[in-house]
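**Q** Data file upload_10.cif (mmCIF, C-alpha atoms, pLDDT in the B column; chains and numbers go by the auth columns) is appended below.
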```
data_query
#
loop_
_atom_site.group_PDB
_atom_site.id
_atom_site.type_symbol
_atom_site.label_atom_id
_atom_site.label_comp_id
_atom_site.label_asym_id
_atom_site.label_seq_id
_atom_site.Cartn_x
_atom_site.Cartn_y
_atom_site.Cartn_z
_atom_site.B_iso_or_equiv
_atom_site.auth_seq_id
_atom_site.auth_asym_id
ATOM 1 C CA MET A 1 32.882 12.737 21.425 36.00 1 A
ATOM 2 C CA ARG A 2 34.701 16.007 22.095 40.00 2 A
ATOM 3 C CA ARG A 3 38.211 15.790 23.486 44.00 3 A
ATOM 4 C CA ARG A 4 38.494 16.763 27.163 43.00 4 A
ATOM 5 C CA ASP A 5 41.479 19.002 26.426 47.00 5 A
ATOM 6 C CA ARG A 6 40.099 20.451 23.190 48.00 6 A
ATOM 7 C CA ALA A 7 41.741 23.725 22.240 53.00 7 A
ATOM 8 C CA GLU A 8 40.303 27.062 23.203 55.00 8 A
ATOM 9 C CA PRO A 9 40.821 29.804 20.637 55.00 9 A
ATOM 10 C CA ARG A 10 44.101 31.646 20.913 57.00 10 A
ATOM 11 C CA LEU A 11 44.338 35.361 20.300 60.00 11 A
ATOM 12 C CA PRO A 12 42.556 37.248 18.907 74.00 12 A
ATOM 13 C CA VAL A 13 40.147 36.740 21.801 91.00 13 A
ATOM 14 C CA ASP A 14 38.235 39.658 23.273 93.00 14 A
ATOM 15 C CA LEU A 15 39.911 40.242 26.614 96.00 15 A
ATOM 16 C CA SER A 16 38.616 43.783 27.032 96.00 16 A
ATOM 17 C CA VAL A 17 35.813 42.600 29.331 96.00 17 A
ATOM 18 C CA ARG A 18 35.156 39.613 31.582 97.00 18 A
ATOM 19 C CA ASP A 19 33.443 36.770 29.707 97.00 19 A
ATOM 20 C CA LEU A 20 30.905 35.731 32.316 96.00 20 A
ATOM 21 C CA ASP A 21 29.099 33.339 29.969 95.00 21 A
ATOM 22 C CA LEU A 22 31.979 30.857 30.030 95.00 22 A
ATOM 23 C CA ARG A 23 31.748 27.869 32.354 95.00 23 A
ATOM 24 C CA GLU A 24 34.640 25.656 33.323 96.00 24 A
ATOM 25 C CA LEU A 25 34.424 21.979 32.433 97.00 25 A
ATOM 26 C CA MET A 26 35.312 20.790 35.923 96.00 26 A
ATOM 27 C CA ASP A 27 32.352 22.710 37.368 93.00 27 A
ATOM 28 C CA ASP A 28 30.010 20.331 35.544 96.00 28 A
ATOM 29 C CA PRO A 29 28.763 17.784 38.117 95.00 29 A
ATOM 30 C CA ASP A 30 28.628 15.204 35.313 97.00 30 A
ATOM 31 C CA CYS A 31 32.194 15.732 34.062 97.00 31 A
ATOM 32 C CA ASP A 32 34.518 12.747 33.642 97.00 32 A
ATOM 33 C CA PRO A 33 35.571 11.831 37.218 96.00 33 A
ATOM 34 C CA ARG A 34 38.923 10.425 36.084 96.00 34 A
ATOM 35 C CA ALA A 35 39.789 13.599 34.212 97.00 35 A
ATOM 36 C CA LEU A 36 38.671 15.627 37.220 97.00 36 A
ATOM 37 C CA GLU A 37 40.887 13.626 39.574 96.00 37 A
ATOM 38 C CA ARG A 38 43.871 14.106 37.259 96.00 38 A
ATOM 39 C CA THR A 39 43.063 17.818 37.051 97.00 39 A
ATOM 40 C CA PHE A 40 43.122 18.221 40.833 96.00 40 A
ATOM 41 C CA ARG A 41 46.487 16.441 40.976 94.00 41 A
ATOM 42 C CA ARG A 42 47.926 18.489 38.122 95.00 42 A
ATOM 43 C CA PHE A 43 46.947 21.745 39.850 93.00 43 A
ATOM 44 C CA ALA A 44 49.823 21.184 42.247 93.00 44 A
ATOM 45 C CA VAL A 45 52.199 21.581 39.296 94.00 45 A
ATOM 46 C CA VAL A 46 50.313 24.411 37.626 94.00 46 A
ATOM 47 C CA ASN A 47 49.917 26.468 40.787 93.00 47 A
ATOM 48 C CA ALA A 48 53.557 26.004 41.712 92.00 48 A
ATOM 49 C CA LEU A 49 54.496 27.492 38.338 90.00 49 A
ATOM 50 C CA VAL A 50 51.983 30.318 37.920 92.00 50 A
ATOM 51 C CA SER A 51 50.241 31.234 41.181 94.00 51 A
ATOM 52 C CA GLY A 52 53.033 33.179 42.862 96.00 52 A
ATOM 53 C CA TRP A 53 51.924 32.006 46.299 97.00 53 A
ATOM 54 C CA ARG A 54 55.446 31.572 47.689 97.00 54 A
ATOM 55 C CA THR A 55 55.875 35.324 47.386 97.00 55 A
ATOM 56 C CA VAL A 56 52.380 36.026 48.716 98.00 56 A
ATOM 57 C CA TRP A 57 53.173 33.881 51.756 98.00 57 A
ATOM 58 C CA ARG A 58 56.240 35.994 52.529 97.00 58 A
ATOM 59 C CA THR A 59 54.751 39.407 51.764 98.00 59 A
ATOM 60 C CA HIS A 60 51.125 39.099 52.883 98.00 60 A
ATOM 61 C CA VAL A 61 50.495 35.996 54.992 98.00 61 A
ATOM 62 C CA MET A 62 53.568 35.545 57.192 97.00 62 A
ATOM 63 C CA PRO A 63 53.639 39.201 58.405 97.00 63 A
ATOM 64 C CA ALA A 64 50.022 38.844 59.581 98.00 64 A
ATOM 65 C CA LEU A 65 50.630 35.782 61.773 97.00 65 A
ATOM 66 C CA PRO A 66 50.840 35.996 65.585 96.00 66 A
ATOM 67 C CA VAL A 67 54.281 36.815 66.967 93.00 67 A
ATOM 68 C CA ASP A 68 54.398 33.569 68.948 94.00 68 A
ATOM 69 C CA GLY A 69 54.580 31.687 65.642 91.00 69 A
ATOM 70 C CA ARG A 70 51.455 29.592 66.192 95.00 70 A
ATOM 71 C CA ALA A 71 48.508 30.203 63.893 97.00 71 A
ATOM 72 C CA ARG A 72 45.420 28.871 62.172 98.00 72 A
ATOM 73 C CA VAL A 73 44.983 29.608 58.484 98.00 73 A
ATOM 74 C CA LEU A 74 41.849 28.967 56.451 98.00 74 A
ATOM 75 C CA ASP A 75 41.972 28.084 52.746 98.00 75 A
ATOM 76 C CA LEU A 76 38.527 28.774 51.288 98.00 76 A
ATOM 77 C CA GLY A 77 37.655 26.825 48.136 98.00 77 A
ATOM 78 C CA CYS A 78 40.704 24.635 48.661 98.00 78 A
ATOM 79 C CA GLY A 79 40.168 22.383 45.635 97.00 79 A
ATOM 80 C CA GLY A 80 42.646 19.529 45.686 96.00 80 A
ATOM 81 C CA GLY A 81 44.493 21.027 48.665 97.00 81 A
ATOM 82 C CA ASP A 82 47.863 21.878 47.124 97.00 82 A
ATOM 83 C CA LEU A 83 47.935 25.431 48.502 97.00 83 A
ATOM 84 C CA ALA A 84 47.022 24.281 52.017 98.00 84 A
ATOM 85 C CA ARG A 85 49.846 21.749 52.002 97.00 85 A
ATOM 86 C CA ALA A 86 52.308 24.291 50.610 97.00 86 A
ATOM 87 C CA LEU A 87 51.417 26.830 53.312 98.00 87 A
ATOM 88 C CA VAL A 88 52.239 24.309 56.038 97.00 88 A
ATOM 89 C CA ARG A 89 55.597 23.505 54.409 97.00 89 A
ATOM 90 C CA TRP A 90 56.533 27.155 54.005 97.00 90 A
ATOM 91 C CA ALA A 91 55.454 27.965 57.552 97.00 91 A
ATOM 92 C CA ALA A 92 57.592 25.178 58.983 97.00 92 A
ATOM 93 C CA SER A 93 60.624 26.298 56.983 97.00 93 A
ATOM 94 C CA ASP A 94 60.168 29.842 58.318 96.00 94 A
ATOM 95 C CA GLY A 95 59.772 28.759 61.938 96.00 95 A
ATOM 96 C CA PHE A 96 55.989 28.900 62.289 96.00 96 A
ATOM 97 C CA GLU A 97 53.670 26.239 63.669 95.00 97 A
ATOM 98 C CA VAL A 98 50.637 26.652 61.423 97.00 98 A
ATOM 99 C CA GLU A 99 47.495 24.575 61.157 98.00 99 A
ATOM 100 C CA VAL A 100 45.743 24.999 57.810 98.00 100 A
ATOM 101 C CA VAL A 101 42.076 24.143 57.417 98.00 101 A
ATOM 102 C CA GLY A 102 40.986 23.685 53.816 98.00 102 A
ATOM 103 C CA VAL A 103 37.285 23.824 53.014 98.00 103 A
ATOM 104 C CA ASP A 104 35.354 23.411 49.799 98.00 104 A
ATOM 105 C CA PRO A 105 31.619 22.889 49.242 97.00 105 A
ATOM 106 C CA ASP A 106 32.347 20.451 46.386 97.00 106 A
ATOM 107 C CA PRO A 107 32.630 16.892 47.761 97.00 107 A
ATOM 108 C CA ARG A 108 34.707 15.896 44.741 97.00 108 A
ATOM 109 C CA ALA A 109 37.360 18.443 45.693 97.00 109 A
ATOM 110 C CA ILE A 110 37.482 17.280 49.306 98.00 110 A
ATOM 111 C CA ALA A 111 37.751 13.653 48.198 97.00 111 A
ATOM 112 C CA ALA A 112 40.723 14.589 46.025 96.00 112 A
ATOM 113 C CA ALA A 113 42.317 16.655 48.798 97.00 113 A
ATOM 114 C CA ASN A 114 42.014 13.838 51.318 97.00 114 A
ATOM 115 C CA ARG A 115 43.856 11.378 49.081 94.00 115 A
ATOM 116 C CA SER A 116 47.073 12.979 50.311 89.00 116 A
ATOM 117 C CA ARG A 117 47.635 13.450 54.034 91.00 117 A
ATOM 118 C CA THR A 118 49.899 16.174 55.387 95.00 118 A
ATOM 119 C CA ARG A 119 50.587 16.860 59.036 96.00 119 A
ATOM 120 C CA GLY A 120 49.006 20.143 60.075 97.00 120 A
ATOM 121 C CA VAL A 121 46.402 20.153 57.299 98.00 121 A
ATOM 122 C CA VAL A 122 42.754 19.101 57.508 98.00 122 A
ATOM 123 C CA PHE A 123 40.043 19.280 54.862 98.00 123 A
ATOM 124 C CA HIS A 124 36.289 19.620 55.293 98.00 124 A
ATOM 125 C CA GLU A 125 33.319 19.774 52.954 98.00 125 A
ATOM 126 C CA GLN A 126 32.057 23.194 54.046 98.00 126 A
ATOM 127 C CA SER A 127 31.353 26.672 52.745 97.00 127 A
ATOM 128 C CA SER A 128 32.301 30.032 54.217 98.00 128 A
ATOM 129 C CA ASP A 129 28.825 30.583 55.643 96.00 129 A
ATOM 130 C CA ASP A 130 28.989 27.190 57.380 97.00 130 A
ATOM 131 C CA LEU A 131 32.102 28.367 59.207 98.00 131 A
ATOM 132 C CA VAL A 132 30.573 31.733 60.089 98.00 132 A
ATOM 133 C CA ALA A 133 27.493 29.988 61.493 97.00 133 A
ATOM 134 C CA ALA A 134 29.761 27.729 63.568 97.00 134 A
ATOM 135 C CA GLY A 135 31.557 30.758 65.046 97.00 135 A
ATOM 136 C CA GLU A 136 34.959 29.785 63.632 98.00 136 A
ATOM 137 C CA ARG A 137 37.899 32.219 63.619 98.00 137 A
ATOM 138 C CA PHE A 138 41.289 32.037 61.927 98.00 138 A
ATOM 139 C CA ASP A 139 44.340 34.258 62.005 98.00 139 A
ATOM 140 C CA VAL A 140 44.500 34.536 58.220 98.00 140 A
ATOM 141 C CA VAL A 141 42.012 33.553 55.521 98.00 141 A
ATOM 142 C CA VAL A 142 43.172 32.875 51.962 98.00 142 A
ATOM 143 C CA SER A 143 41.807 31.602 48.683 98.00 143 A
ATOM 144 C CA ASN A 144 43.220 30.822 45.268 98.00 144 A
ATOM 145 C CA HIS A 145 41.279 31.051 41.979 97.00 145 A
ATOM 146 C CA VAL A 146 37.886 31.457 43.660 98.00 146 A
ATOM 147 C CA LEU A 147 36.834 35.044 42.937 98.00 147 A
ATOM 148 C CA HIS A 148 36.451 34.645 39.174 98.00 148 A
ATOM 149 C CA HIS A 149 33.965 31.798 39.703 96.00 149 A
ATOM 150 C CA LEU A 150 31.516 33.942 41.684 97.00 150 A
ATOM 151 C CA ASP A 151 28.664 36.131 40.515 96.00 151 A
ATOM 152 C CA ASP A 152 28.106 39.488 42.228 97.00 152 A
ATOM 153 C CA ALA A 153 25.872 38.153 44.997 97.00 153 A
ATOM 154 C CA ALA A 154 28.069 35.143 45.753 97.00 154 A
ATOM 155 C CA ARG A 155 31.190 37.306 45.726 98.00 155 A
ATOM 156 C CA SER A 156 29.636 39.759 48.187 98.00 156 A
ATOM 157 C CA THR A 157 28.773 36.921 50.571 98.00 157 A
ATOM 158 C CA PHE A 158 32.192 35.302 50.152 98.00 158 A
ATOM 159 C CA LEU A 159 34.038 38.536 50.936 98.00 159 A
ATOM 160 C CA ALA A 160 31.836 39.336 53.922 98.00 160 A
ATOM 161 C CA ASP A 161 32.227 35.825 55.321 98.00 161 A
ATOM 162 C CA SER A 162 36.000 35.791 54.888 98.00 162 A
ATOM 163 C CA ALA A 163 36.270 39.153 56.673 98.00 163 A
ATOM 164 C CA ARG A 164 34.248 37.788 59.602 98.00 164 A
ATOM 165 C CA LEU A 165 36.389 34.669 59.784 98.00 165 A
ATOM 166 C CA ALA A 166 39.764 36.446 59.812 98.00 166 A
ATOM 167 C CA ALA A 167 41.256 37.826 63.021 98.00 167 A
ATOM 168 C CA SER A 168 44.117 39.518 61.180 98.00 168 A
ATOM 169 C CA ARG A 169 44.083 39.445 57.368 98.00 169 A
ATOM 170 C CA VAL A 170 42.335 38.070 54.288 98.00 170 A
ATOM 171 C CA VAL A 171 44.222 37.438 51.031 98.00 171 A
ATOM 172 C CA HIS A 172 42.283 36.240 47.995 98.00 172 A
ATOM 173 C CA SER A 173 44.506 35.586 44.976 98.00 173 A
ATOM 174 C CA ASP A 174 43.307 35.179 41.414 98.00 174 A
ATOM 175 C CA ILE A 175 44.411 35.568 37.807 97.00 175 A
ATOM 176 C CA ARG A 176 44.932 39.057 36.398 98.00 176 A
ATOM 177 C CA ARG A 177 43.336 39.068 32.946 98.00 177 A
ATOM 178 C CA SER A 178 45.570 40.278 30.136 96.00 178 A
ATOM 179 C CA ARG A 179 46.696 39.394 26.641 95.00 179 A
ATOM 180 C CA ASN A 180 50.079 38.286 27.968 95.00 180 A
ATOM 181 C CA ALA A 181 48.501 36.007 30.563 96.00 181 A
ATOM 182 C CA TYR A 182 46.256 34.387 27.956 96.00 182 A
ATOM 183 C CA ARG A 183 49.013 34.014 25.378 95.00 183 A
ATOM 184 C CA SER A 184 51.517 32.587 27.869 95.00 184 A
ATOM 185 C CA TYR A 185 49.055 30.047 29.235 96.00 185 A
ATOM 186 C CA ALA A 186 47.877 29.014 25.764 95.00 186 A
ATOM 187 C CA LEU A 187 51.474 28.255 24.798 94.00 187 A
ATOM 188 C CA ALA A 188 52.638 26.547 28.003 94.00 188 A
ATOM 189 C CA SER A 189 49.578 24.639 29.274 95.00 189 A
ATOM 190 C CA PRO A 190 49.693 21.777 26.712 95.00 190 A
ATOM 191 C CA LEU A 191 52.869 20.585 28.458 94.00 191 A
ATOM 192 C CA VAL A 192 50.869 19.584 31.559 94.00 192 A
ATOM 193 C CA ALA A 193 47.290 19.309 30.298 95.00 193 A
ATOM 194 C CA ALA A 194 47.033 15.825 28.791 96.00 194 A
ATOM 195 C CA GLY A 195 44.000 13.943 30.067 96.00 195 A
ATOM 196 C CA THR A 196 42.820 16.852 32.230 97.00 196 A
ATOM 197 C CA PHE A 197 40.736 20.017 32.107 97.00 197 A
ATOM 198 C CA VAL A 198 43.807 22.144 32.846 97.00 198 A
ATOM 199 C CA ARG A 199 44.163 23.813 29.460 96.00 199 A
ATOM 200 C CA VAL A 200 40.546 24.607 28.613 96.00 200 A
ATOM 201 C CA ASP A 201 39.547 25.604 32.121 97.00 201 A
ATOM 202 C CA GLY A 202 42.675 27.681 32.611 97.00 202 A
ATOM 203 C CA LEU A 203 42.006 29.714 29.479 97.00 203 A
ATOM 204 C CA ARG A 204 38.378 30.129 30.446 97.00 204 A
ATOM 205 C CA SER A 205 39.442 31.235 33.914 97.00 205 A
ATOM 206 C CA ILE A 206 41.625 33.952 32.433 97.00 206 A
ATOM 207 C CA ARG A 207 38.737 35.220 30.329 97.00 207 A
ATOM 208 C CA ARG A 208 36.470 35.324 33.416 98.00 208 A
ATOM 209 C CA SER A 209 39.046 37.000 35.631 98.00 209 A
ATOM 210 C CA PHE A 210 39.545 40.595 36.738 98.00 210 A
ATOM 211 C CA THR A 211 41.934 43.364 35.922 98.00 211 A
ATOM 212 C CA VAL A 212 43.143 45.311 38.959 98.00 212 A
ATOM 213 C CA ASP A 213 40.772 48.201 38.242 98.00 213 A
ATOM 214 C CA GLU A 214 37.804 45.860 37.774 98.00 214 A
ATOM 215 C CA LEU A 215 38.507 44.095 41.034 98.00 215 A
ATOM 216 C CA ARG A 216 38.977 47.385 42.847 98.00 216 A
ATOM 217 C CA ARG A 217 35.534 48.508 41.708 98.00 217 A
ATOM 218 C CA ALA A 218 34.012 45.162 42.716 98.00 218 A
ATOM 219 C CA LEU A 219 35.387 45.204 46.262 98.00 219 A
ATOM 220 C CA PRO A 220 33.503 46.740 49.192 97.00 220 A
ATOM 221 C CA ALA A 221 34.967 49.354 51.518 97.00 221 A
ATOM 222 C CA GLY A 222 37.936 48.169 53.539 97.00 222 A
ATOM 223 C CA TRP A 223 39.399 46.007 50.780 98.00 223 A
ATOM 224 C CA VAL A 224 42.426 46.727 48.588 98.00 224 A
ATOM 225 C CA ALA A 225 43.111 45.357 45.101 98.00 225 A
ATOM 226 C CA GLU A 226 46.781 44.805 44.238 98.00 226 A
ATOM 227 C CA ALA A 227 48.685 43.551 41.223 98.00 227 A
ATOM 228 C CA ALA A 228 51.076 40.667 41.832 97.00 228 A
ATOM 229 C CA VAL A 229 53.326 38.522 39.660 93.00 229 A
ATOM 230 C CA PRO A 230 53.030 36.562 37.529 93.00 230 A
ATOM 231 C CA HIS A 231 49.718 37.836 36.088 96.00 231 A
ATOM 232 C CA ARG A 232 48.038 37.891 39.495 98.00 232 A
ATOM 233 C CA VAL A 233 45.591 40.118 41.326 98.00 233 A
ATOM 234 C CA LEU A 234 45.069 40.132 45.097 98.00 234 A
ATOM 235 C CA ALA A 235 42.085 41.226 47.181 98.00 235 A
ATOM 236 C CA VAL A 236 43.414 42.069 50.641 98.00 236 A
ATOM 237 C CA ARG A 237 41.659 43.137 53.837 98.00 237 A
ATOM 238 C CA ASP A 238 43.095 43.731 57.297 98.00 238 A
ATOM 239 C CA SER A 239 40.843 43.251 60.296 92.00 239 A
#
```
What does this structure look like when you write it as structure tokens?
**A**
Amino acid sequence: MRRRDRAEPRLPVDLSVRDLDLRELMDDPDCDPRALERTFRRFAVVNALVSGWRTVWRTHVMPALPVDGRARVLDLGCGGGDLARALVRWAASDGFEVEVVGVDPDPRAIAAANRSRTRGVVFHEQSSDDLVAAGERFDVVVSNHVLHHLDDAARSTFLADSARLAASRVVHSDIRRSRNAYRSYALASPLVAAGTFVRVDGLRSIRRSFTVDELRRALPAGWVAEAAVPHRVLAVRDS
């Protein structure tokens, strides 16, 4: 049996183009459910260290919220829900009363998210088109580590849906592919990866991800691609 956290090759790896043939282990519907559950929990640690969302909250999300301080925020593809819970904490500390709705079409993700309850956060097994069909609207729409999973058609739908759902701004954050990002993650991820898919899937995610120029070319009119730290790329659209 292959180890769940078996090593991906370190450099030299061809990072000059997106490797769209790679699939992440946790996307397999038959993957080990215990390893998947641990992976969702461990994302809270990994994202806190590498996602840069505290800065994105201050620079891109908070300025787009209503001036009365009350807002609804949508987290598309919420996974285990760590970003949704963090957004509520940061909002409260900055004087905002924010409700965050986290949605994900994967029932395994929603089950993991609902194992931890946080005031002001709700999770639903839904997709972006479900919300559009229901006529939902949110002040700000965000996602983390979703774009690199999507093929061209799915990405087009996802971007169009998120634009329809947002009254003010959309911010999709993902990994910015580079040699430094791959090397840094290859070295650091074993510290938190035991018994999970964190290491293998993280390295595969980097290889599937965009550079800023690639994302800029992939975005429709009205969207902006931005570099962020550490090793991040943002797709931003104002309504």
**Q** Each residue of segment 78-181 of chain A lying at most 12 Å from segment 191-201 of chain A should get a row with its shortest atom-to-atom pair and the distance in Å to one decimal, counting only C-alpha atoms; could you produce that, ordered by chain and increasing number, as a Markdown table?
**A**
```
| residue | atom | partner | partner_atom | distance |
| --- | --- | --- | --- | --- |
| A:His145 | CA | A:Asp201 | CA | 11.4 |
| A:His148 | CA | A:Asp201 | CA | 11.9 |
| A:His149 | CA | A:Asp201 | CA | 11.3 |
```
**Q** List the spatial neighbours of Ala235 of chain A as a list in words - criterion: any atom at most 10 Å away, all atoms listed in the file, same-chain residues fewer than 6 positions off excluded.
**A**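 Neighbouring residues, sequence-local ones excluded: Val142, Ser143, Leu147, Leu159, Val170, Val171, His172, Ser173, Asp174, Val212, Leu215, Arg216, Leu219, Trp223, Val224, Ala225, Glu226 and Ala227 of chain A.
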**Q** Find the residues near segment 12-27 of chain A: any atom within 10 Å, counting only C-alpha atoms, skip ones fewer than 4 places away on the same chain, and give them as a ChimeraX atom specification.
**A** /A:4-5,8,31-33,35-37,39-40,106,148-151,177-179,182-183,196-198,200-211,214
**Q** What is the atom CA of His124 of chain A-atom CA of Leu234 of chain A distance in Å, reported with one decimal?
**A**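 Spanning atom CA of His124 of chain A to atom CA of Leu234 of chain A is a straight-line distance of 24.5 Å.
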**Q** Please enumerate the residues selected by the PyMOL selection byres ((chain A and resi 112) around 10) when evaluated against the supplied file, formatted as a list in words.
**A**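 Taken on the displayed file, the PyMOL selection byres ((chain A and resi 112) around 10) yields the residues Leu36, Glu37, Arg38, Thr39, Phe40, Arg41, Gly79, Gly80, Gly81, Pro107, Arg108, Ala109, Ile110, Ala111, Ala113, Asn114, Arg115 and Ser116 of chain A.
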**Q** Box in all listed atoms of segment 201-220 of chain A, axis-aligned, with 4 Å more on each side; write out centre and edge lengths in Å to one decimal as AutoDock Vina command-line options.
**A**
```
--center_x 38.3 --center_y 37.1 --center_z 39.3 --size_x 17.6 --size_y 30.9 --size_z 27.7
```
**Q** Which polymer residues, protein or nucleic acid, are no farther than 12 Å from (53.5, 34.4, 45.8), counting all atoms listed in the file, as a PyMOL selection string?
**A** chain A and resi 47-62+83+86-87+90+144+171-174+227-234
**Q** Please identify all polymer residues within 12 Å of Val140 of chain A, counting only C-alpha atoms, omitting same-chain residues fewer than 4 positions from it, and present them as JSON, numbers by chain.
**A** {"A": [57, 60, 61, 62, 63, 64, 65, 66, 70, 71, 72, 73, 74, 75, 76, 87, 98, 99, 100, 101, 136, 162, 163, 164, 165, 166, 167, 168, 169, 170, 171, 172, 236, 237, 238, 239]}
**Q** Could you tell me how far atom CA of Cys78 of chain A lies from atom CA of Ser127 of chain A, in Å and to one decimal?
**A** 10.4 Å
**Q** Give the answer as one residue: which of A:Gly135, A:Gly69, A:Gly120, A:Gly222 has the shortest atom-to-atom distance to Asp94 of chain A, using all atoms listed in the file?
**A**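 Among the listed residues, A:Gly69 lies closest to Asp94 of chain A.
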**Q** What does the distance from atom CA of Val121 of chain A to atom CA of Gly95 of chain A come to in Å, to one decimal?
**A** 16.6 Å
